[in-house]
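Coordinates from upload28.cif are shown below (mmCIF, C-alpha atoms and all ligand atoms).
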```cif
data_start
loop_
_atom_site.label_atom_id
_atom_site.label_comp_id
_atom_site.auth_asym_id
_atom_site.auth_seq_id
_atom_site.Cartn_x
_atom_site.Cartn_y
_atom_site.Cartn_z
CA MET A 1155 -21.90 -14.37 3.07
CA THR A 1156 -24.76 -13.38 0.81
CA THR A 1157 -26.40 -9.97 0.89
CA THR A 1158 -28.85 -11.26 3.53
CA ASP A 1159 -26.48 -13.42 5.61
CA HIS A 1160 -24.88 -11.28 8.30
CA SER A 1161 -23.49 -14.07 10.45
CA ALA A 1162 -19.92 -12.92 9.86
CA LEU A 1163 -20.53 -9.27 10.79
CA ASP A 1164 -19.49 -7.90 14.17
CA SER A 1165 -22.15 -6.43 16.45
CA VAL A 1166 -21.18 -2.79 15.82
CA SER A 1167 -21.62 -3.29 12.07
CA LEU A 1168 -25.00 -4.91 12.66
CA ASP A 1169 -26.09 -1.95 14.79
CA LEU A 1170 -24.87 0.45 12.10
CA LEU A 1171 -26.81 -1.35 9.38
CA THR A 1172 -29.96 -1.38 11.50
CA LEU A 1173 -29.57 2.35 12.04
CA LEU A 1174 -28.98 3.00 8.34
CA ASP A 1175 -31.97 0.85 7.35
CA GLN A 1176 -34.03 3.66 8.87
CA ALA A 1177 -31.80 6.66 8.12
CA ASP A 1178 -30.70 5.84 4.57
CA PRO A 1179 -31.82 2.51 3.12
CA ALA A 1180 -29.92 3.08 -0.14
CA VAL A 1181 -26.61 3.36 1.73
CA ALA A 1182 -27.54 0.48 4.04
CA SER A 1183 -28.11 -1.67 0.99
CA LEU A 1184 -24.82 -0.80 -0.69
CA LEU A 1185 -22.91 -1.39 2.55
CA ARG A 1186 -24.52 -4.82 2.90
CA SER A 1187 -23.53 -5.60 -0.66
CA GLU A 1188 -19.94 -4.44 -0.14
CA ALA A 1189 -19.59 -6.42 3.10
CA ALA A 1190 -20.86 -9.47 1.24
CA ARG A 1191 -18.51 -8.82 -1.68
CA GLN A 1192 -15.49 -8.62 0.59
CA ALA A 1193 -16.57 -11.65 2.62
CA GLY A 1194 -17.23 -13.77 -0.46
CA THR A 1195 -14.20 -12.98 -2.63
CA LEU A 1196 -10.47 -13.60 -2.37
CA GLU A 1197 -8.65 -10.23 -2.20
CA LEU A 1198 -5.29 -10.46 -3.95
CA ILE A 1199 -4.72 -6.76 -4.68
CA ALA A 1200 -1.28 -6.16 -3.20
CA SER A 1201 -2.17 -2.74 -1.80
CA GLU A 1202 -5.33 -3.81 0.05
CA ASN A 1203 -6.10 -5.50 3.35
CA HIS A 1204 -8.95 -6.17 5.80
CA VAL A 1205 -8.78 -3.99 8.92
CA SER A 1206 -9.87 -5.23 12.35
CA PRO A 1207 -13.31 -4.21 13.62
CA ALA A 1208 -11.51 -1.98 16.14
CA VAL A 1209 -9.75 -0.04 13.36
CA MET A 1210 -12.85 0.06 11.19
CA HIS A 1211 -15.15 1.38 13.88
CA ALA A 1212 -12.61 3.86 15.24
CA MET A 1213 -13.03 5.57 11.84
CA GLY A 1214 -16.69 6.31 12.42
CA THR A 1215 -16.89 8.22 15.70
CA TRP A 1216 -17.35 11.64 17.28
CA MET A 1217 -13.79 12.46 16.15
CA THR A 1218 -15.13 13.19 12.67
CA ASN A 1219 -16.99 16.27 13.99
CA LYS A 1220 -13.98 18.37 14.87
CA TYR A 1221 -11.72 20.87 13.19
CA ALA A 1222 -8.21 20.54 14.61
CA GLU A 1223 -5.97 22.54 12.25
CA GLY A 1224 -2.51 22.77 13.75
CA TYR A 1225 -0.79 20.21 15.93
CA PRO A 1226 -1.30 18.92 19.50
CA GLY A 1227 -1.04 21.85 21.93
CA LYS A 1228 -1.04 24.38 19.04
CA ARG A 1229 -4.46 24.29 17.39
CA TYR A 1230 -6.40 26.98 15.59
CA TYR A 1231 -9.67 25.77 17.20
CA GLY A 1232 -10.89 25.27 20.74
CA GLY A 1233 -12.16 21.97 22.10
CA CYS A 1234 -9.22 19.88 20.83
CA GLU A 1235 -8.21 18.28 24.14
CA HIS A 1236 -9.09 14.71 23.14
CA HIS A 1237 -7.90 15.22 19.59
CA ASP A 1238 -4.50 16.19 20.96
CA THR A 1239 -4.45 12.97 22.96
CA ALA A 1240 -5.46 10.90 19.92
CA GLU A 1241 -2.85 12.51 17.66
CA ASP A 1242 -0.12 12.18 20.31
CA LEU A 1243 -1.00 8.51 20.73
CA ALA A 1244 -0.80 7.94 16.98
CA ARG A 1245 2.49 9.83 16.70
CA ASP A 1246 4.10 8.05 19.67
CA ARG A 1247 3.00 4.63 18.49
CA ALA A 1248 4.24 5.32 14.95
CA LYS A 1249 7.64 6.38 16.29
CA GLU A 1250 7.88 3.26 18.45
CA LEU A 1251 6.78 1.03 15.59
CA PHE A 1252 9.37 2.32 13.13
CA GLY A 1253 12.11 3.22 15.61
CA CYS A 1254 12.40 6.89 14.67
CA GLY A 1255 12.20 10.24 16.40
CA PHE A 1256 9.39 11.98 14.50
CA ALA A 1257 6.03 11.16 12.96
CA ASN A 1258 3.43 13.29 11.22
CA VAL A 1259 0.17 11.32 11.10
CA GLN A 1260 -1.93 13.97 9.33
CA PRO A 1261 -1.45 13.21 5.59
CA HIS A 1262 -4.80 12.21 4.16
CA CYS A 1263 -3.17 9.60 1.89
CA GLY A 1264 0.19 8.43 0.59
CA ALA A 1265 0.26 10.89 -2.30
CA ASN A 1266 -0.37 13.76 0.15
CA ALA A 1267 2.46 12.48 2.35
CA ASN A 1268 4.68 12.59 -0.73
CA ILE A 1269 3.59 16.13 -1.65
CA ALA A 1270 4.56 17.34 1.83
CA ALA A 1271 7.83 15.38 1.79
CA PHE A 1272 8.80 16.82 -1.62
CA MET A 1273 7.98 20.33 -0.39
CA ALA A 1274 10.00 19.81 2.79
CA MET A 1275 13.06 18.45 1.00
CA CYS A 1276 13.15 20.22 -2.37
CA ALA A 1277 12.37 23.47 -4.14
CA PRO A 1278 10.24 23.55 -7.30
CA GLY A 1279 12.41 22.70 -10.28
CA ASP A 1280 14.87 20.59 -8.28
CA ARG A 1281 16.16 17.42 -9.88
CA ILE A 1282 14.67 14.16 -8.57
CA LEU A 1283 15.89 10.66 -9.43
CA SER A 1284 13.23 7.94 -9.19
CA LEU A 1285 11.95 4.69 -10.69
CA PRO A 1286 9.16 5.40 -13.23
CA ILE A 1287 5.72 3.90 -12.82
CA LYS A 1288 6.24 1.70 -15.89
CA SER A 1289 8.97 -0.16 -14.03
CA GLY A 1290 7.19 -0.43 -10.67
CA GLY A 1291 7.44 3.09 -9.24
CA HIS A 1292 4.54 5.25 -8.08
CA LEU A 1293 2.81 8.06 -9.91
CA SER A 1294 3.69 10.51 -7.11
CA HIS A 1295 7.41 9.84 -7.72
CA GLY A 1296 7.45 11.78 -10.98
CA LEU A 1297 4.66 10.97 -13.43
CA LYS A 1298 4.21 13.97 -15.72
CA PRO A 1299 0.54 14.77 -14.93
CA ASN A 1300 1.16 14.35 -11.17
CA PHE A 1301 2.35 17.21 -8.91
CA SER A 1302 5.76 15.54 -8.85
CA GLY A 1303 6.21 15.56 -12.63
CA THR A 1304 4.68 19.01 -12.91
CA PHE A 1305 6.78 20.90 -10.37
CA TYR A 1306 10.09 19.01 -10.30
CA GLU A 1307 12.67 17.97 -12.88
CA ILE A 1308 12.28 14.21 -12.89
CA HIS A 1309 14.97 11.80 -14.04
CA ASP A 1310 14.58 8.02 -14.14
CA TYR A 1311 16.63 5.11 -13.03
CA ASP A 1312 15.43 1.69 -14.12
CA VAL A 1313 15.48 -1.98 -13.25
CA ASP A 1314 17.97 -4.17 -15.06
CA PRO A 1315 16.34 -5.29 -18.36
CA ASP A 1316 17.45 -8.91 -17.89
CA THR A 1317 17.00 -9.54 -14.16
CA GLU A 1318 14.21 -6.96 -13.70
CA ARG A 1319 15.88 -6.15 -10.36
CA LEU A 1320 17.44 -2.95 -9.10
CA ASP A 1321 21.04 -2.73 -10.22
CA TYR A 1322 22.66 -0.55 -7.56
CA ASP A 1323 25.82 0.05 -9.61
CA ALA A 1324 23.72 1.29 -12.54
CA ILE A 1325 21.66 3.50 -10.19
CA ALA A 1326 24.89 4.93 -8.77
CA ALA A 1327 26.14 5.71 -12.28
CA ARG A 1328 22.82 7.35 -13.14
CA ALA A 1329 22.95 9.41 -9.93
CA ARG A 1330 26.43 10.66 -10.90
CA GLU A 1331 25.04 11.75 -14.30
CA VAL A 1332 21.91 13.43 -12.97
CA LYS A 1333 23.26 14.89 -9.69
CA PRO A 1334 19.78 14.98 -8.15
CA ARG A 1335 18.70 16.96 -5.13
CA MET A 1336 16.79 13.87 -3.96
CA ILE A 1337 16.66 10.16 -4.78
CA ILE A 1338 13.46 8.21 -4.19
CA CYS A 1339 13.33 4.52 -3.36
CA GLY A 1340 10.31 2.44 -2.40
CA PHE A 1341 7.92 1.07 -5.02
CA SER A 1342 4.41 -0.10 -5.92
CA ALA A 1343 5.16 -3.16 -8.01
CA TYR A 1344 8.65 -4.34 -7.10
CA PRO A 1345 8.67 -7.82 -5.56
CA ARG A 1346 12.19 -7.78 -4.17
CA ALA A 1347 13.81 -6.49 -0.98
CA ILE A 1348 15.11 -2.92 -1.08
CA ASP A 1349 18.67 -2.29 0.05
CA PHE A 1350 18.22 1.04 1.83
CA ALA A 1351 21.88 1.13 2.88
CA ALA A 1352 22.93 0.88 -0.78
CA PHE A 1353 20.60 3.75 -1.69
CA ARG A 1354 22.12 5.79 1.18
CA ALA A 1355 25.60 5.19 -0.18
CA ILE A 1356 24.48 6.27 -3.67
CA ALA A 1357 22.86 9.40 -2.25
CA ASP A 1358 25.95 10.26 -0.19
CA ASP A 1359 28.19 9.78 -3.23
CA VAL A 1360 26.37 12.58 -5.07
CA GLY A 1361 25.32 14.70 -2.09
CA ALA A 1362 21.62 13.88 -2.52
CA LEU A 1363 18.83 13.49 -0.01
CA LEU A 1364 17.14 10.09 0.22
CA MET A 1365 13.39 9.60 0.44
CA ALA A 1366 11.97 6.12 1.07
CA ASP A 1367 8.31 5.56 0.23
CA ILE A 1368 7.57 2.33 2.08
CA ALA A 1369 3.81 2.34 1.42
CA HIS A 1370 3.73 -1.26 0.24
CA ILE A 1371 6.13 -2.79 2.74
CA ALA A 1372 5.39 -0.74 5.88
CA GLY A 1373 3.77 -3.70 7.63
CA LEU A 1374 6.71 -5.90 6.73
CA VAL A 1375 9.14 -3.31 8.11
CA ALA A 1376 7.03 -2.92 11.28
CA GLY A 1377 6.86 -6.70 11.59
CA GLY A 1378 10.62 -7.07 11.22
CA VAL A 1379 10.62 -9.10 7.99
CA HIS A 1380 11.96 -6.35 5.72
CA ALA A 1381 14.95 -4.14 6.52
CA SER A 1382 14.10 -0.73 7.93
CA PRO A 1383 14.70 2.48 5.96
CA PHE A 1384 16.11 3.91 9.23
CA PRO A 1385 18.79 5.11 9.74
CA HIS A 1386 19.40 5.38 5.99
CA ALA A 1387 16.61 7.58 4.61
CA ASP A 1388 16.31 11.28 5.37
CA VAL A 1389 12.55 11.11 5.11
CA VAL A 1390 10.18 8.14 5.00
CA THR A 1391 6.62 8.25 3.69
CA THR A 1392 3.98 5.56 3.72
CA THR A 1393 0.33 4.77 3.52
CA THR A 1394 -1.24 3.15 6.55
CA HIS A 1395 -3.68 0.76 4.88
CA LYS A 1396 -1.63 -1.77 2.93
CA THR A 1397 0.51 -4.36 4.73
CA LEU A 1398 0.34 -2.09 7.82
CA ARG A 1399 -3.41 -2.92 7.99
CA GLY A 1400 -4.66 0.43 9.22
CA PRO A 1401 -7.27 2.90 7.95
CA ARG A 1402 -6.73 4.57 4.57
CA GLY A 1403 -4.24 7.36 5.13
CA GLY A 1404 -0.67 8.62 5.01
CA LEU A 1405 2.23 9.00 7.40
CA ILE A 1406 5.62 10.76 7.31
CA LEU A 1407 8.56 9.71 9.47
CA CYS A 1408 12.08 11.00 10.02
CA ASP A 1409 14.79 11.45 12.64
CA ASP A 1410 16.30 14.83 11.81
CA GLU A 1411 14.77 17.68 13.81
CA ASP A 1412 15.13 20.29 11.07
CA ILE A 1413 13.51 18.02 8.49
CA ALA A 1414 10.77 17.21 11.03
CA LYS A 1415 9.96 20.92 11.45
CA LYS A 1416 9.78 21.39 7.70
CA VAL A 1417 7.57 18.32 7.27
CA ASP A 1418 5.10 19.61 9.86
CA ARG A 1419 4.95 23.01 8.12
CA LYS A 1420 4.51 21.44 4.68
CA VAL A 1421 1.69 19.14 5.78
CA PHE A 1422 -0.11 21.97 7.58
CA PRO A 1423 -0.48 24.69 6.42
CA GLY A 1424 1.62 23.79 3.36
CA SER A 1425 -0.61 21.29 1.64
CA GLN A 1426 -3.56 20.36 3.87
CA GLY A 1427 -6.16 22.03 6.05
CA GLY A 1428 -8.08 20.27 8.80
CA PRO A 1429 -6.69 16.85 9.66
CA LEU A 1430 -9.05 13.87 9.46
CA MET A 1431 -9.15 13.24 13.19
CA HIS A 1432 -11.34 10.14 12.87
CA ALA A 1433 -8.71 8.62 10.56
CA ILE A 1434 -5.90 9.68 12.89
CA THR A 1435 -7.71 8.00 15.78
CA ALA A 1436 -8.01 4.82 13.75
CA LYS A 1437 -4.31 5.09 12.84
CA ALA A 1438 -3.55 5.09 16.58
CA VAL A 1439 -5.57 1.89 16.96
CA ALA A 1440 -3.86 0.24 13.98
CA PHE A 1441 -0.37 1.21 15.17
CA GLY A 1442 -1.27 -0.21 18.59
CA GLU A 1443 -2.23 -3.47 16.89
CA ALA A 1444 0.99 -3.53 14.87
CA LEU A 1445 2.98 -3.14 18.09
CA GLN A 1446 1.54 -6.40 19.43
CA PRO A 1447 3.76 -9.50 19.18
CA ASP A 1448 1.30 -11.33 16.88
CA PHE A 1449 1.83 -8.70 14.17
CA LYS A 1450 5.36 -10.03 13.67
CA GLN A 1451 3.88 -13.46 12.95
CA TYR A 1452 1.37 -11.87 10.59
CA ALA A 1453 4.15 -10.14 8.63
CA ALA A 1454 6.17 -13.36 8.43
CA ASP A 1455 3.09 -15.25 7.23
CA VAL A 1456 2.41 -12.63 4.52
CA VAL A 1457 5.89 -13.22 3.07
CA ALA A 1458 5.69 -17.02 3.44
CA ASN A 1459 2.32 -16.99 1.65
CA ALA A 1460 3.69 -14.85 -1.18
CA GLN A 1461 6.53 -17.31 -1.66
CA ALA A 1462 4.14 -20.29 -1.60
CA LEU A 1463 1.91 -18.58 -4.17
CA ALA A 1464 4.96 -17.76 -6.31
CA ASP A 1465 6.23 -21.35 -6.28
CA ALA A 1466 2.80 -22.72 -7.10
CA LEU A 1467 2.30 -20.32 -10.03
CA VAL A 1468 5.72 -21.20 -11.43
CA SER A 1469 4.74 -24.88 -11.24
CA HIS A 1470 1.73 -24.01 -13.44
CA GLY A 1471 4.04 -22.48 -16.05
CA TYR A 1472 3.79 -18.79 -15.18
CA ARG A 1473 6.80 -16.49 -15.34
CA LEU A 1474 7.27 -14.15 -12.40
CA CYS A 1475 9.10 -10.88 -12.96
CA THR A 1476 12.48 -11.08 -11.17
CA GLY A 1477 11.87 -14.84 -10.80
CA GLY A 1478 9.97 -14.65 -7.50
CA THR A 1479 9.39 -12.49 -4.46
CA ASP A 1480 10.97 -11.37 -1.19
CA ASN A 1481 7.95 -9.41 0.02
CA HIS A 1482 4.15 -9.54 -0.10
CA LEU A 1483 3.69 -9.18 -3.85
CA LEU A 1484 4.24 -10.99 -7.12
CA LEU A 1485 4.28 -9.56 -10.60
CA VAL A 1486 3.14 -12.24 -13.05
CA ASP A 1487 4.24 -11.93 -16.68
CA LEU A 1488 1.32 -13.55 -18.52
CA GLN A 1489 2.95 -13.56 -21.95
CA PRO A 1490 5.04 -16.76 -21.80
CA ARG A 1491 1.98 -18.73 -20.58
CA ASP A 1492 -0.28 -17.34 -23.31
CA ALA A 1493 0.94 -14.66 -25.71
CA ASP A 1494 -2.62 -13.35 -26.24
CA LEU A 1495 -3.49 -13.13 -22.55
CA THR A 1496 -3.58 -9.56 -21.24
CA GLY A 1497 -3.64 -8.29 -17.67
CA ALA A 1498 -7.01 -6.65 -18.37
CA ASP A 1499 -8.53 -9.96 -19.50
CA ALA A 1500 -7.06 -11.84 -16.55
CA GLU A 1501 -8.36 -9.26 -14.06
CA LYS A 1502 -11.86 -9.42 -15.58
CA TRP A 1503 -12.03 -13.21 -15.82
CA LEU A 1504 -10.71 -13.70 -12.29
CA GLU A 1505 -13.19 -11.19 -10.87
CA ALA A 1506 -16.03 -13.20 -12.42
CA ALA A 1507 -14.68 -16.18 -10.46
CA GLY A 1508 -14.48 -14.23 -7.17
CA ILE A 1509 -10.73 -13.58 -7.24
CA ILE A 1510 -9.87 -9.88 -7.07
CA THR A 1511 -6.59 -8.74 -8.65
CA ASN A 1512 -5.24 -5.86 -10.70
CA LYS A 1513 -3.69 -5.71 -14.13
CA ASN A 1514 -0.21 -4.24 -13.92
CA GLY A 1515 2.47 -3.31 -16.41
CA ILE A 1516 5.64 -5.37 -16.31
CA PRO A 1517 9.11 -3.97 -17.09
CA ASN A 1518 9.29 -3.20 -20.83
CA ASP A 1519 5.62 -4.04 -21.26
CA PRO A 1520 4.60 -3.69 -24.92
CA ARG A 1521 0.96 -3.10 -23.94
CA PRO A 1522 -0.56 0.17 -22.61
CA PRO A 1523 -1.37 0.66 -18.88
CA MET A 1524 -5.10 -0.09 -19.23
CA VAL A 1525 -4.29 -3.42 -20.94
CA THR A 1526 -0.86 -4.63 -19.74
CA SER A 1527 0.82 -8.02 -19.95
CA GLY A 1528 1.00 -8.49 -16.21
CA LEU A 1529 -0.99 -9.22 -13.12
CA ARG A 1530 0.03 -8.00 -9.65
CA LEU A 1531 -0.89 -10.27 -6.75
CA GLY A 1532 -0.41 -9.77 -3.02
CA THR A 1533 -1.01 -11.84 0.09
CA ALA A 1534 -1.62 -9.24 2.83
CA ALA A 1535 -5.42 -9.55 2.83
CA LEU A 1536 -5.57 -13.33 2.45
CA THR A 1537 -3.13 -13.73 5.33
CA THR A 1538 -5.32 -11.52 7.52
CA ARG A 1539 -8.15 -14.02 6.90
CA GLY A 1540 -5.89 -16.80 8.12
CA LEU A 1541 -5.16 -18.50 4.80
CA GLY A 1542 -1.86 -20.35 4.71
CA ALA A 1543 0.62 -21.95 2.33
CA ALA A 1544 -1.65 -24.88 1.38
CA ASP A 1545 -4.38 -22.38 0.48
CA MET A 1546 -1.90 -20.50 -1.74
CA VAL A 1547 -1.28 -23.72 -3.69
CA ALA A 1548 -5.05 -24.16 -4.09
CA ILE A 1549 -5.50 -20.51 -5.13
CA ALA A 1550 -2.75 -20.81 -7.76
CA ALA A 1551 -4.65 -23.79 -9.21
CA LEU A 1552 -7.87 -21.74 -9.27
CA LEU A 1553 -6.08 -18.84 -11.00
CA ASP A 1554 -4.73 -21.24 -13.59
CA ARG A 1555 -8.12 -22.86 -14.20
CA VAL A 1556 -9.65 -19.47 -14.97
CA MET A 1557 -6.77 -18.38 -17.17
CA GLU A 1558 -6.51 -21.71 -18.98
CA SER A 1559 -10.22 -21.54 -19.83
CA ARG A 1560 -9.82 -17.96 -21.09
CA GLY A 1561 -12.72 -16.77 -18.98
CA ASP A 1562 -15.14 -19.61 -19.77
CA ALA A 1563 -18.37 -18.93 -17.83
CA GLY A 1564 -18.81 -22.53 -16.69
CA VAL A 1565 -15.26 -22.68 -15.34
CA ALA A 1566 -15.74 -19.31 -13.63
CA ALA A 1567 -18.89 -20.60 -11.91
CA SER A 1568 -17.12 -23.75 -10.74
CA VAL A 1569 -14.11 -21.77 -9.44
CA ARG A 1570 -16.52 -19.30 -7.82
CA ALA A 1571 -17.97 -22.17 -5.76
CA ASP A 1572 -14.48 -23.20 -4.59
CA VAL A 1573 -13.70 -19.56 -3.73
CA GLN A 1574 -16.91 -19.30 -1.71
CA ALA A 1575 -16.03 -22.42 0.27
CA MET A 1576 -12.58 -21.00 1.03
CA CYS A 1577 -14.12 -17.69 2.08
CA ASP A 1578 -16.70 -19.39 4.29
CA ALA A 1579 -13.88 -21.23 6.07
CA HIS A 1580 -11.97 -17.97 6.60
CA PRO A 1581 -14.36 -15.14 7.55
CA LEU A 1582 -13.34 -11.51 7.55
CA PRO A 1583 -12.02 -10.17 10.88
CA HIS A 1584 -15.07 -9.84 13.17
N1 LIG B 1 -2.36 2.68 -5.83
C1 LIG B 1 -1.48 2.01 -4.91
C2 LIG B 1 -1.18 0.63 -5.32
O1 LIG B 1 -2.09 -0.08 -5.69
O2 LIG B 1 -0.03 0.21 -5.27
C3 LIG B 1 -0.29 2.79 -4.64
O3 LIG B 1 -0.66 4.02 -4.13
#
```
Serialized structure, C-alpha cells:
Amino acid sequence: MTTTDHSALDSVSLDLLTLLDQADPAVASLLRSEAARQAGTLELIASENHVSPAVMHAMGTWMTNKYAEGYPGKRYYGGCEHHDTAEDLARDRAKELFGCGFANVQPHCGANANIAAFMAMCAPGDRILSLPIKSGGHLSHGLKPNFSGTFYEIHDYDVDPDTERLDYDAIAARAREVKPRMIICGFSAYPRAIDFAAFRAIADDVGALLMADIAHIAGLVAGGVHASPFPHADVVTTTTHKTLRGPRGGLILCDDEDIAKKVDRKVFPGSQGGPLMHAITAKAVAFGEALQPDFKQYAADVVANAQALADALVSHGYRLCTGGTDNHLLLVDLQPRDADLTGADAEKWLEAAGIITNKNGIPNDPRPPMVTSGLRLGTAALTTRGLGAADMVAIAALLDRVMESRGDAGVAASVRADVQAMCDAHPLPH
C-alpha cells in the first residue's frame, strides 16, 4: 500500500481519514503514512503485533470521554453505568482466558502493572531477585534508573554463561544467598520456555513471593502453547498488546483474595488516577477474540513460525542465543557471522529494506545497549498477517541478503521489492 492506495483499509478507517482530512489534515497525512508503513513492511519486533479492526476501533469511541476513577459499582464519578459493564466484561474475559480468580484491567501499560504489583507485594527497600535487562530481563524488574531499582534492593540471577538458558539450580542457590522478599520471572528477550513450577519451588524454599511478568508470552499462554504461570505465581502481570494482540495496555492477574485487594488499591489510588476506559473497552474486545478457538491455532502458528525462522537463519550461518527458540522470539548473535556487524547496523540496514527489527543485547554482550551484538526477532505480527513456515524461510534469506551486503543500497532496494510483494499478498487485518 502506498500513501495514496487505501485498498487494504477497512471502512471505519476510511471514514476516519475522510473526517480528519477536514478536521486536521496534518494528522490525516501522518496516519495515512503510518498505515502505509505498516502495510508495506515486515514487522519482526517481538513485542509488536497488528490488532484486528474491532480492537483498533474500540479504542477510539465515546468511552474516551469519561472519568471512571474507582472500580465497577464503586466509582468517584456519576454516569459510569456502561463503563462498569465494559470493565466487568474485560475482567471476566481475562479471568476466563488465564484461568484465574482475579483481574485488574486498569494498568495503563506493563510497567504500570509492575509498579502496582511491586507495591502490592513488597515494601520499599525489600529485596527482589530478578534477571537483569542485559540478560533478557525487563527494565521494570530492577534497572537502577527505573522505579524498581530506585525503591527496592535489587539482586540479580543470571542465565548460564555457556547455554544462555536459565539454570534453575543456580537460581535456587542464588535465592538462598539473597533471601529475597520476591522473585521475578518472565522476560523480554528470553527465547526459551519458562518453568513456572521450578520458580515456585525456588520461591517456597526461601519463603519468597513469586511474580511472573508474562508480557511477551501472554498470547502463547492464552493459546495453550506455553505453560501457565497459574497456579504457581502469586501475582502475574502482562501487557495486552504483544502476542495477546490487544490494545496497548497492562493487566494484573492473581488468585489470592488478599493479594487481589492489595493490587486493586495499588493500581487505584496507589499509582494511577482515571482509568483509560477506551483502552479497557478494547481490552475486552481483544480478550473476547483470544477466547475464540482460532486463537489457539494462531498461537501455535506463532511458535511454528519462530522455529522455522530459527532453522532457516541457522542454515545461513547465524548463531541463535540458546541454540533456538521455544516461543515467539529469537535472539540472533551476529558476531560469529560477521565480527564487525552490530545490532544497530543490522536494524538500520534491514529497515531500509522494509524489514523492521530491533537491536538487542545478547548475554555477555561486549557492546553497549545502543549498539549491541544482537538482533531480536519475533513472529507474532507476521503470523497475524497469515505468513507461514515457507515465508519464514524466504524472510531468513532476505535478512541474510541485507546483512551479507552490509547495507548496500542496491541490495536493499531489491529486497524491498520482495518485501513489498510479500506484504501485498498478506494485507493487514481489515
Ligand atoms: N519494550 C518491550 C519489549 O520490546 O520487549 C518490553 O516492555
Taking only C-alpha atoms and all ligand atoms and a cut-off of 9 Å, can you tell me which residues surround ligand LIG 1 (chain B), written as a short mmCIF file (atom, residue, chain, number, x, y, z; two decimals) with C-alpha atoms, in the coordinates of the input?
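Contents of selection.cif, as written:
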```
data_model
loop_
_atom_site.label_atom_id
_atom_site.label_comp_id
_atom_site.auth_asym_id
_atom_site.auth_seq_id
_atom_site.Cartn_x
_atom_site.Cartn_y
_atom_site.Cartn_z
CA ILE A 1199 -4.72 -6.76 -4.68
CA ALA A 1200 -1.28 -6.16 -3.20
CA SER A 1201 -2.17 -2.74 -1.80
CA GLU A 1202 -5.33 -3.81 0.05
CA CYS A 1263 -3.17 9.60 1.89
CA GLY A 1264 0.19 8.43 0.59
CA ALA A 1265 0.26 10.89 -2.30
CA GLY A 1291 7.44 3.09 -9.24
CA HIS A 1292 4.54 5.25 -8.08
CA LEU A 1293 2.81 8.06 -9.91
CA SER A 1294 3.69 10.51 -7.11
CA PHE A 1341 7.92 1.07 -5.02
CA SER A 1342 4.41 -0.10 -5.92
CA ALA A 1343 5.16 -3.16 -8.01
CA ALA A 1369 3.81 2.34 1.42
CA HIS A 1370 3.73 -1.26 0.24
CA THR A 1393 0.33 4.77 3.52
CA LYS A 1396 -1.63 -1.77 2.93
CA ASN A 1512 -5.24 -5.86 -10.70
#
```
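In this model, the gap between CA of Ile1413 in chain A and CA of Tyr1230 in chain A comes to 23.0 Å.
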Kindly assemble as CSV a list of the range 1434-1546 of chain A residues that lie within 12 Å of range 1377-1381 of chain A, each paired with its nearest atom pair and their distance in Å to one decimal, using all atoms listed in the file, sorted first by chain and then by ascending residue number.
```
residue,atom,partner,partner_atom,distance
A:Phe1441,CA,A:Gly1377,CA,11.3
A:Glu1443,CA,A:Gly1377,CA,11.0
A:Ala1444,CA,A:Gly1377,CA,7.4
A:Leu1445,CA,A:Gly1377,CA,8.4
A:Gln1446,CA,A:Gly1377,CA,9.5
A:Pro1447,CA,A:Gly1377,CA,8.7
A:Asp1448,CA,A:Gly1377,CA,9.0
A:Phe1449,CA,A:Gly1377,CA,6.0
A:Lys1450,CA,A:Gly1377,CA,4.2
A:Gln1451,CA,A:Gly1377,CA,7.5
A:Tyr1452,CA,A:Gly1377,CA,7.6
A:Ala1453,CA,A:Gly1377,CA,5.3
A:Ala1454,CA,A:Val1379,CA,6.2
A:Asp1455,CA,A:Val1379,CA,9.8
A:Val1456,CA,A:Val1379,CA,9.6
A:Val1457,CA,A:Val1379,CA,8.0
A:Ala1458,CA,A:Val1379,CA,10.4
A:Asp1480,CA,A:His1380,CA,8.6
A:Asn1481,CA,A:His1380,CA,7.6
A:His1482,CA,A:His1380,CA,10.2
```
Env of range 1506-1509 of chain A: 6 Å cut, atoms = only C-alpha atoms, seq-sep filter 2 positions within chain, self excluded. Answer as a list in words.
Thr1195, Leu1196, Trp1503, Leu1504, Ala1566, Val1569 and Arg1570 of chain A
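Polymer residues near (24.9, -3.5, -7.6): counting only C-alpha atoms with a cut-off of 12 Å, they are Val1313, Asp1314, Thr1317, Arg1319, Leu1320, Asp1321, Tyr1322, Asp1323, Ala1324, Ile1325, Ala1326, Ala1327, Ile1348, Asp1349, Ala1351, Ala1352, Phe1353, Ala1355 and Ile1356 of chain A.
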